[in-house]
$ cat start10.cif   # mmCIF, C-alpha atoms
data_query
#
loop_
_atom_site.group_PDB
_atom_site.id
_atom_site.type_symbol
_atom_site.label_atom_id
_atom_site.label_comp_id
_atom_site.auth_asym_id
_atom_site.auth_seq_id
_atom_site.Cartn_x
_atom_site.Cartn_y
_atom_site.Cartn_z
ATOM 1 C CA MET A 1 96.822 72.049 163.539
ATOM 2 C CA ALA A 2 95.941 71.107 167.124
ATOM 3 C CA ASP A 3 95.247 67.464 166.307
ATOM 4 C CA PHE A 4 98.920 66.453 166.105
ATOM 5 C CA LYS A 5 102.252 67.621 167.437
ATOM 6 C CA ILE A 6 104.802 69.122 165.058
ATOM 7 C CA LEU A 7 108.153 67.448 165.699
ATOM 8 C CA PRO A 8 111.599 68.086 164.189
ATOM 9 C CA CYS A 9 112.497 66.215 160.998
ATOM 10 C CA ALA A 10 116.165 65.665 160.112
ATOM 11 C CA LYS A 11 115.554 66.465 156.438
ATOM 12 C CA ARG A 12 115.381 70.153 157.379
ATOM 13 C CA TRP A 13 119.034 69.801 158.401
ATOM 14 C CA ASN A 14 120.604 67.097 156.261
ATOM 15 C CA TYR A 15 118.779 66.893 152.907
ATOM 16 C CA PRO A 16 119.609 69.899 150.689
ATOM 17 C CA SER A 17 118.203 70.157 147.175
ATOM 18 C CA ILE A 18 119.920 72.436 144.668
ATOM 19 C CA ASP A 19 118.895 73.216 141.103
ATOM 20 C CA LEU A 20 121.822 74.448 139.042
ATOM 21 C CA THR A 21 119.630 76.069 136.378
ATOM 22 C CA SER A 22 116.841 77.730 138.387
ATOM 23 C CA ARG A 23 119.235 78.548 141.295
ATOM 24 C CA MET A 24 116.621 77.347 143.755
ATOM 25 C CA VAL A 25 117.875 75.959 147.077
ATOM 26 C CA ARG A 26 115.886 74.146 149.741
ATOM 27 C CA THR A 27 116.173 71.528 152.439
ATOM 28 C CA CYS A 28 113.782 68.631 151.872
ATOM 29 C CA VAL A 29 112.415 68.145 148.365
ATOM 30 C CA ARG A 30 108.729 68.484 149.254
ATOM 31 C CA GLY A 31 108.578 72.278 149.196
ATOM 32 C CA PHE A 32 109.971 75.266 147.347
ATOM 33 C CA GLY A 33 112.919 77.351 148.424
ATOM 34 C CA PRO A 34 114.464 80.712 147.597
ATOM 35 C CA VAL A 35 116.038 81.466 144.240
ATOM 36 C CA VAL A 36 119.548 82.645 145.041
ATOM 37 C CA GLY A 37 120.815 85.708 143.208
ATOM 38 C CA LYS A 38 124.414 86.781 142.697
ATOM 39 C CA GLU A 39 124.140 89.202 145.596
ATOM 40 C CA GLU A 40 123.212 86.401 148.008
ATOM 41 C CA VAL A 41 126.063 84.205 146.787
ATOM 42 C CA ALA A 42 128.430 87.124 147.414
ATOM 43 C CA MET A 43 126.881 87.780 150.831
ATOM 44 C CA TYR A 44 126.472 84.261 152.229
ATOM 45 C CA GLY A 45 128.997 82.268 150.191
ATOM 46 C CA THR A 46 128.587 78.512 150.443
ATOM 47 C CA ASP A 47 126.077 78.892 153.292
ATOM 48 C CA VAL A 48 123.360 79.439 150.672
ATOM 49 C CA PHE A 49 123.233 75.679 150.045
ATOM 50 C CA LEU A 50 122.556 74.451 153.580
ATOM 51 C CA ASN A 51 122.294 77.480 155.873
ATOM 52 C CA HIS A 52 120.414 80.103 153.908
ATOM 53 C CA PRO A 53 118.349 82.322 156.275
ATOM 54 C CA TYR A 54 115.222 80.686 154.850
ATOM 55 C CA MET A 55 116.467 77.266 155.975
ATOM 56 C CA LYS A 56 117.408 78.523 159.433
ATOM 57 C CA SER A 57 113.958 80.031 159.792
ATOM 58 C CA GLY A 58 112.397 76.674 158.902
ATOM 59 C CA ARG A 59 114.491 74.890 161.541
ATOM 60 C CA ASP A 60 113.529 77.471 164.123
ATOM 61 C CA LEU A 61 109.818 76.957 163.391
ATOM 62 C CA MET A 62 110.244 73.190 163.509
ATOM 63 C CA LEU A 63 112.053 73.201 166.852
ATOM 64 C CA LYS A 64 109.308 75.452 168.274
ATOM 65 C CA GLY A 65 106.604 73.112 166.981
ATOM 66 C CA LYS A 66 105.125 75.785 164.700
ATOM 67 C CA TYR A 67 103.355 75.273 161.386
ATOM 68 C CA GLN A 68 105.255 75.898 158.159
ATOM 69 C CA TRP A 69 103.844 75.813 154.646
ATOM 70 C CA ASP A 70 106.653 73.675 153.189
ATOM 71 C CA CYS A 71 105.685 70.774 155.434
ATOM 72 C CA ARG A 72 101.946 70.821 154.769
ATOM 73 C CA GLY A 73 102.031 67.543 152.814
ATOM 74 C CA CYS A 74 103.632 65.629 155.665
ATOM 75 C CA TYR A 75 101.243 67.191 158.179
ATOM 76 C CA GLU A 76 98.450 65.293 156.444
ATOM 77 C CA TYR A 77 100.287 62.031 157.180
ATOM 78 C CA ALA A 78 101.018 63.160 160.730
ATOM 79 C CA LYS A 79 97.285 63.540 161.357
ATOM 80 C CA THR A 80 96.917 59.803 160.749
ATOM 81 C CA GLY A 81 99.858 58.940 162.990
ATOM 82 C CA SER A 82 102.329 58.122 160.195
ATOM 83 C CA ASP A 83 105.551 59.841 159.132
ATOM 84 C CA GLY A 84 104.968 60.309 155.409
ATOM 85 C CA PHE A 85 108.197 61.593 153.867
ATOM 86 C CA ARG A 86 109.515 62.764 157.240
ATOM 87 C CA THR A 87 112.468 61.207 159.021
ATOM 88 C CA PRO A 88 110.941 59.530 162.106
ATOM 89 C CA TYR A 89 111.429 61.533 165.296
ATOM 90 C CA SER A 90 113.591 58.898 167.020
ATOM 91 C CA GLU A 91 115.902 58.721 163.999
ATOM 92 C CA THR A 92 115.943 62.517 163.748
ATOM 93 C CA LEU A 93 117.142 62.759 167.343
ATOM 94 C CA GLU A 94 119.944 60.263 166.695
ATOM 95 C CA LEU A 95 121.111 61.948 163.482
ATOM 96 C CA LEU A 96 121.048 65.499 164.805
ATOM 97 C CA ALA A 97 122.535 64.643 168.208
ATOM 98 C CA ASP A 98 125.432 62.961 166.418
ATOM 99 C CA SER A 99 125.951 65.947 164.100
ATOM 100 C CA TYR A 100 126.185 68.312 167.105
ATOM 101 C CA GLY A 101 128.363 65.926 169.134
ATOM 102 C CA GLU A 102 125.745 65.395 171.839
ATOM 103 C CA THR A 103 123.930 62.459 173.382
ATOM 104 C CA VAL A 104 120.399 61.800 172.206
ATOM 105 C CA GLU A 105 119.027 62.504 175.678
ATOM 106 C CA GLY A 106 120.999 65.729 176.059
ATOM 107 C CA PHE A 107 120.063 66.971 172.589
ATOM 108 C CA GLU A 108 116.346 66.292 173.122
ATOM 109 C CA GLU A 109 116.429 68.075 176.465
ATOM 110 C CA ASN A 110 118.178 71.077 174.928
ATOM 111 C CA ILE A 111 115.759 71.506 172.015
ATOM 112 C CA LYS A 112 112.768 71.368 174.363
ATOM 113 C CA ARG A 113 113.887 74.529 176.159
ATOM 114 C CA SER A 114 111.718 77.608 175.752
ATOM 115 C CA SER A 115 114.366 79.438 173.684
ATOM 116 C CA VAL A 116 116.167 77.766 170.786
ATOM 117 C CA ASN A 117 119.963 77.748 170.926
ATOM 118 C CA PRO A 118 121.121 79.416 167.664
ATOM 119 C CA LYS A 119 123.706 76.693 167.103
ATOM 120 C CA TYR A 120 120.894 74.246 166.308
ATOM 121 C CA LEU A 121 119.798 76.409 163.386
ATOM 122 C CA PHE A 122 123.172 75.955 161.661
ATOM 123 C CA SER A 123 123.765 72.593 159.978
ATOM 124 C CA LYS A 124 127.143 71.142 159.022
ATOM 125 C CA THR A 125 126.280 67.573 158.046
ATOM 126 C CA ILE A 126 124.278 66.255 155.107
ATOM 127 C CA LYS A 127 123.181 62.694 154.411
ATOM 128 C CA GLU A 128 121.280 63.124 151.145
ATOM 129 C CA LEU A 129 121.728 65.627 148.352
ATOM 130 C CA GLU A 130 119.515 66.270 145.345
ATOM 131 C CA VAL A 131 120.980 68.135 142.372
ATOM 132 C CA GLY A 132 118.882 69.263 139.416
ATOM 133 C CA PHE A 133 120.367 69.824 135.958
ATOM 134 C CA GLY A 134 117.338 71.490 134.370
ATOM 135 C CA ASN A 135 114.642 70.244 132.017
ATOM 136 C CA LEU A 136 116.666 69.017 129.001
ATOM 137 C CA CYS A 137 114.830 65.923 127.786
ATOM 138 C CA ASP A 138 114.320 63.888 124.616
ATOM 139 C CA MET A 139 110.686 62.932 125.311
ATOM 140 C CA LYS A 140 107.205 64.348 125.999
ATOM 141 C CA CYS A 141 105.440 62.188 128.594
ATOM 142 C CA VAL A 142 101.678 62.692 128.816
ATOM 143 C CA TYR A 143 101.751 63.605 132.523
ATOM 144 C CA CYS A 144 104.914 65.758 132.433
ATOM 145 C CA THR A 145 105.278 69.546 132.270
ATOM 146 C CA SER A 146 107.611 72.071 130.690
ATOM 147 C CA ASP A 147 109.440 72.368 134.021
ATOM 148 C CA TRP A 148 110.866 68.876 133.434
ATOM 149 C CA SER A 149 110.791 68.506 129.642
ATOM 150 C CA SER A 150 112.473 70.888 127.224
ATOM 151 C CA MET A 151 110.421 69.387 124.382
ATOM 152 C CA ILE A 152 107.163 70.289 126.129
ATOM 153 C CA GLU A 153 108.624 73.726 126.871
ATOM 154 C CA ALA A 154 109.381 74.239 123.170
ATOM 155 C CA GLU A 155 105.861 73.153 122.251
ATOM 156 C CA GLU A 156 104.283 75.520 124.782
ATOM 157 C CA LYS A 157 106.386 78.413 123.478
ATOM 158 C CA GLN A 158 105.382 77.573 119.911
ATOM 159 C CA PHE A 159 101.701 77.857 120.775
ATOM 160 C CA GLY A 160 102.096 80.695 123.289
ATOM 161 C CA ASN A 161 100.847 78.738 126.259
ATOM 162 C CA SER A 162 103.772 78.476 128.668
ATOM 163 C CA LYS A 163 102.927 77.064 132.102
ATOM 164 C CA ALA A 164 106.462 76.800 133.477
ATOM 165 C CA ILE A 165 106.918 77.434 137.197
ATOM 166 C CA TYR A 166 110.708 77.671 137.116
ATOM 167 C CA HIS A 167 112.742 80.320 135.342
ATOM 168 C CA ARG A 168 115.845 78.528 134.122
ATOM 169 C CA SER A 169 119.182 79.726 132.810
ATOM 170 C CA SER A 170 121.941 77.551 131.451
ATOM 171 C CA ILE A 171 124.460 76.111 133.906
ATOM 172 C CA GLU A 172 127.144 78.159 132.139
ATOM 173 C CA GLU A 173 125.193 81.373 132.765
ATOM 174 C CA ASN A 174 125.031 80.498 136.488
ATOM 175 C CA LYS A 175 128.817 80.259 136.848
ATOM 176 C CA ASP A 176 128.964 82.106 140.196
ATOM 177 C CA PHE A 177 126.320 79.799 141.675
ATOM 178 C CA VAL A 178 127.856 76.622 140.246
ATOM 179 C CA ASP A 179 131.384 77.600 141.341
ATOM 180 C CA ALA A 180 130.099 78.196 144.877
ATOM 181 C CA PHE A 181 128.336 74.808 144.752
ATOM 182 C CA TRP A 182 131.573 72.956 143.945
ATOM 183 C CA LYS A 183 133.441 74.900 146.619
ATOM 184 C CA TRP A 184 130.800 73.783 149.121
ATOM 185 C CA MET A 185 130.977 70.202 147.872
ATOM 186 C CA SER A 186 134.762 70.120 148.228
ATOM 187 C CA GLU A 187 134.989 71.858 151.600
ATOM 188 C CA SER A 188 132.017 70.288 153.311
ATOM 189 C CA ALA A 189 129.272 68.293 151.621
ATOM 190 C CA VAL A 190 131.268 65.428 150.127
ATOM 191 C CA LYS A 191 132.690 64.519 153.548
ATOM 192 C CA SER A 192 129.359 63.298 154.933
ATOM 193 C CA VAL A 193 126.949 62.751 152.030
ATOM 194 C CA GLU A 194 125.802 59.159 151.566
ATOM 195 C CA HIS A 195 123.208 59.474 148.791
ATOM 196 C CA ILE A 196 123.195 61.849 145.821
ATOM 197 C CA HIS A 197 120.055 62.067 143.644
ATOM 198 C CA LEU A 198 120.605 63.510 140.164
ATOM 199 C CA ILE A 199 117.498 64.675 138.345
ATOM 200 C CA GLY A 200 116.504 66.292 135.053
ATOM 201 C CA GLY A 201 114.884 66.271 132.502
ATOM 202 C CA GLU A 202 116.545 63.190 131.196
ATOM 203 C CA THR A 203 119.641 63.034 133.388
ATOM 204 C CA LEU A 204 121.824 60.940 131.071
ATOM 205 C CA PHE A 205 120.946 63.125 128.066
ATOM 206 C CA ASN A 206 122.445 66.155 129.800
ATOM 207 C CA SER A 207 126.169 66.639 129.181
ATOM 208 C CA TYR A 208 126.584 68.190 132.626
ATOM 209 C CA PHE A 209 125.825 64.834 134.238
ATOM 210 C CA TYR A 210 129.213 63.583 133.028
ATOM 211 C CA VAL A 211 130.921 66.784 134.188
ATOM 212 C CA PHE A 212 129.283 66.330 137.591
ATOM 213 C CA MET A 213 130.446 62.735 137.946
ATOM 214 C CA GLU A 214 134.008 63.580 136.921
ATOM 215 C CA LYS A 215 134.203 66.438 139.419
ATOM 216 C CA LEU A 216 132.704 64.298 142.197
ATOM 217 C CA ASP A 217 135.236 61.562 141.472
ATOM 218 C CA GLN A 218 138.138 64.034 141.470
ATOM 219 C CA ILE A 219 137.125 65.575 144.803
ATOM 220 C CA TYR A 220 136.562 62.163 146.389
ATOM 221 C CA ARG A 221 139.973 60.874 145.275
ATOM 222 C CA SER A 222 141.865 64.068 146.132
ATOM 223 C CA GLN A 223 140.617 63.921 149.727
ATOM 224 C CA ASN A 224 141.338 60.192 150.100
ATOM 225 C CA LEU A 225 137.786 59.559 151.240
ATOM 226 C CA SER A 226 136.582 56.038 151.913
ATOM 227 C CA HIS A 227 132.912 56.229 152.918
ATOM 228 C CA PRO A 228 130.479 54.834 150.322
ATOM 229 C CA ILE A 229 128.410 57.214 148.213
ATOM 230 C CA THR A 230 125.449 56.009 146.175
ATOM 231 C CA VAL A 231 124.519 58.144 143.168
ATOM 232 C CA ASN A 232 120.882 57.680 142.154
ATOM 233 C CA ILE A 233 120.175 58.505 138.524
ATOM 234 C CA PHE A 234 116.742 58.668 136.918
ATOM 235 C CA SER A 235 116.623 57.801 133.235
ATOM 236 C CA ASN A 236 114.167 56.807 130.502
ATOM 237 C CA LEU A 237 116.908 54.596 128.903
ATOM 238 C CA ASN A 238 115.906 55.995 125.517
ATOM 239 C CA ASN A 239 119.275 57.176 124.218
ATOM 240 C CA GLU A 240 121.900 54.621 123.154
ATOM 241 C CA GLY A 241 124.774 57.109 123.019
ATOM 242 C CA SER A 242 124.243 58.211 126.616
ATOM 243 C CA ILE A 243 124.160 54.588 127.801
ATOM 244 C CA GLN A 244 127.516 53.935 126.140
ATOM 245 C CA LYS A 245 128.976 57.035 127.829
ATOM 246 C CA LEU A 246 127.539 55.878 131.154
ATOM 247 C CA LEU A 247 129.162 52.450 130.823
ATOM 248 C CA ARG A 248 132.560 54.068 130.188
ATOM 249 C CA LEU A 249 132.020 56.372 133.149
ATOM 250 C CA MET A 250 131.220 53.447 135.443
ATOM 251 C CA LYS A 251 134.596 51.860 134.740
ATOM 252 C CA GLU A 252 136.467 55.075 135.567
ATOM 253 C CA THR A 253 134.633 56.124 138.746
ATOM 254 C CA HIS A 254 136.068 55.360 142.197
ATOM 255 C CA PRO A 255 134.878 51.923 143.391
ATOM 256 C CA HIS A 256 133.314 53.436 146.535
ATOM 257 C CA ILE A 257 131.028 55.612 144.398
ATOM 258 C CA SER A 258 128.281 53.283 143.230
ATOM 259 C CA LEU A 259 125.508 53.985 140.750
ATOM 260 C CA ASN A 260 121.846 53.140 141.192
ATOM 261 C CA LEU A 261 120.150 53.647 137.838
ATOM 262 C CA ASN A 262 116.393 54.081 138.164
ATOM 263 C CA PHE A 263 114.558 53.178 134.963
ATOM 264 C CA SER A 264 111.671 55.635 134.871
ATOM 265 C CA ASN A 265 108.844 53.641 133.325
ATOM 266 C CA GLU A 266 105.481 52.240 134.380
ATOM 267 C CA SER A 267 104.416 50.129 131.413
ATOM 268 C CA VAL A 268 105.798 48.137 128.472
ATOM 269 C CA GLY A 269 105.618 47.995 124.701
ATOM 270 C CA ALA A 270 103.167 50.171 122.790
ATOM 271 C CA LYS A 271 101.561 51.431 125.994
ATOM 272 C CA ALA A 272 104.929 52.726 127.238
ATOM 273 C CA GLU A 273 105.544 54.428 123.895
ATOM 274 C CA PHE A 274 102.113 56.098 124.076
ATOM 275 C CA ILE A 275 102.575 57.384 127.632
ATOM 276 C CA ARG A 276 106.151 58.497 126.967
ATOM 277 C CA HIS A 277 106.049 60.118 123.538
ATOM 278 C CA GLY A 278 109.409 59.640 121.807
ATOM 279 C CA LEU A 279 110.319 56.413 123.601
ATOM 280 C CA GLY A 280 111.477 53.442 121.548
ATOM 281 C CA TRP A 281 110.613 50.409 123.669
ATOM 282 C CA ASP A 282 112.931 48.019 121.791
ATOM 283 C CA ARG A 283 115.744 50.554 122.138
ATOM 284 C CA ALA A 284 115.106 50.844 125.873
ATOM 285 C CA LEU A 285 115.254 47.047 126.190
ATOM 286 C CA ARG A 286 118.590 46.937 124.340
ATOM 287 C CA ASN A 287 119.966 49.603 126.653
ATOM 288 C CA MET A 288 118.731 47.659 129.675
ATOM 289 C CA ASP A 289 120.486 44.528 128.400
ATOM 290 C CA ARG A 290 123.744 46.469 128.008
ATOM 291 C CA LEU A 291 123.504 47.761 131.564
ATOM 292 C CA LEU A 292 122.782 44.313 132.962
ATOM 293 C CA PHE A 293 125.696 42.814 131.033
ATOM 294 C CA GLU A 294 128.409 45.160 132.242
ATOM 295 C CA GLY A 295 129.112 47.989 134.644
ATOM 296 C CA LYS A 296 129.096 48.325 138.439
ATOM 297 C CA LYS A 297 125.582 49.423 139.154
ATOM 298 C CA VAL A 298 122.193 48.588 140.531
ATOM 299 C CA LEU A 299 119.313 48.750 138.061
ATOM 300 C CA SER A 300 116.037 49.758 139.699
ATOM 301 C CA PHE A 301 112.626 50.741 138.418
ATOM 302 C CA SER A 302 110.958 54.051 139.178
ATOM 303 C CA PRO A 303 107.328 53.996 138.005
ATOM 304 C CA THR A 304 105.198 57.119 137.992
ATOM 305 C CA PHE A 305 101.686 56.454 139.259
ATOM 306 C CA ASN A 306 99.153 58.884 137.847
ATOM 307 C CA ASN A 307 95.484 59.262 137.004
#
$ encode --input "start10.cif" --output "structure tokens"
Amino acid sequence: MADFKILPCAKRWNYPSIDLTSRMVRTCVRGFGPVVGKEEVAMYGTDVFLNHPYMKSGRDLMLKGKYQWDCRGCYEYAKTGSDGFRTPYSETLELLADSYGETVEGFEENIKRSSVNPKYLFSKTIKELEVGFGNLCDMKCVYCTSDWSSMIEAEEKQFGNSKAIYHRSSIEENKDFVDAFWKWMSESAVKSVEHIHLIGGETLFNSYFYVFMEKLDQIYRSQNLSHPITVNIFSNLNNEGSIQKLLRLMKETHPHISLNLNFSNESVGAKAEFIRHGLGWDRALRNMDRLLFEGKKVLSFSPTFNN
């Protein structure tokens, strides 16, 4: 890796990703992270979500300019002189200097010292947060896997050919982990987060999505917060009941919490129904019309490009 210089990326500090069913935690969504057991929750408390020893180790490597496996995808972009998924270095300096209460110049000088100050391995501020609700889904897309579709998982189990990477439990079974997550959200995360990405499965088909939004709204209101939070939701728009629930939810959520609904689709009509087995294209169009007619939201499109 001598053909480019490894530089710090803010996502190692301010972009946690937490899966409530697999109990996996990580910073940056391009790699894998540790699966947190009950013993670690008891030992580290809410630090497991942003300051797990694995995350601190990654920051230490990054500040020392050393290779780490999680970042291998972005290293390929770095070889060509581009950033890839990384936060550009200049922006990283600004974000991290601000989070530690330092000037950009002072922070850059400090992190270039031969020994890393331990305080820079501990993060307090997040900008983005990804939360996974598991693989519950009502469709079987041709390019998907059992890790993201419960219907594919059921089919693989039926034929004895499971290829799942993640071991998932129900959110209810992970009560200690989920309780710690909401404690962390209330005490820390909600105060600085600007973007929340909610993923499934089919996010709107999962009943916990509505629990999540209600809890987020309650915490936000109880702390009299005023900074805007955008919640990004990915959906196949295939279920009419979930769209009706979403429209009711939109009317009840704090006006500073806005929704960006990403319609996950890359084709139309019969082709869309072939690629996404179980999709009713006319039903998806009706749901889109309902969303465009009412509700405080942005409707975006999130195509999946595949071979």
$ resolve_selection --input "start10.cif" --expression "the PyMOL selection byres ((chain A and resi 164-178) around 9)" --output "ChimeraX atom specification"
/A:20-24,36-38,41-42,133-135,145-147,153,162-163,179-183,208
$ atom_distance --input "start10.cif" --atom1 "atom CA of Val131 of chain A" --atom2 "atom CA of Arg221 of chain A"
20.5 Å
$ closest_residue --input "start10.cif" --among "A:Ile18, A:Pro8, A:His254, A:Glu108" --to "Gln68 of chain A" --atoms "all atoms listed in the file"
A:Pro8
$ residues_near_point --input "start10.cif" --point "(103.7, 60.8, 128.7)" --cutoff "12 Å" --atoms "all atoms listed in the file" --output "NGL selection string"
:A and (138-145 or 148-149 or 151-152 or 236 or 264-267 or 271-279 or 304-307)
$ closest_residue --input "start10.cif" --among "A:Leu50, A:Met62, A:Cys28, A:Leu259" --to "Tyr89 of chain A" --atoms "all atoms listed in the file"
A:Met62
$ resolve_selection --input "start10.cif" --expression "the PyMOL selection byres ((chain A and resi 196) around 9)" --output "ChimeraX atom specification"
/A:127-131,193-195,197-198,229-233
$ atom_distance --input "start10.cif" --atom1 "atom CA of Gly132 of chain A" --atom2 "atom CA of Thr87 of chain A"
22.1 Å
$ closest_residue --input "start10.cif" --among "A:Tyr220, A:Phe85, A:Tyr120, A:Phe293" --to "Lys64 of chain A" --atoms "only C-alpha atoms"
A:Tyr120
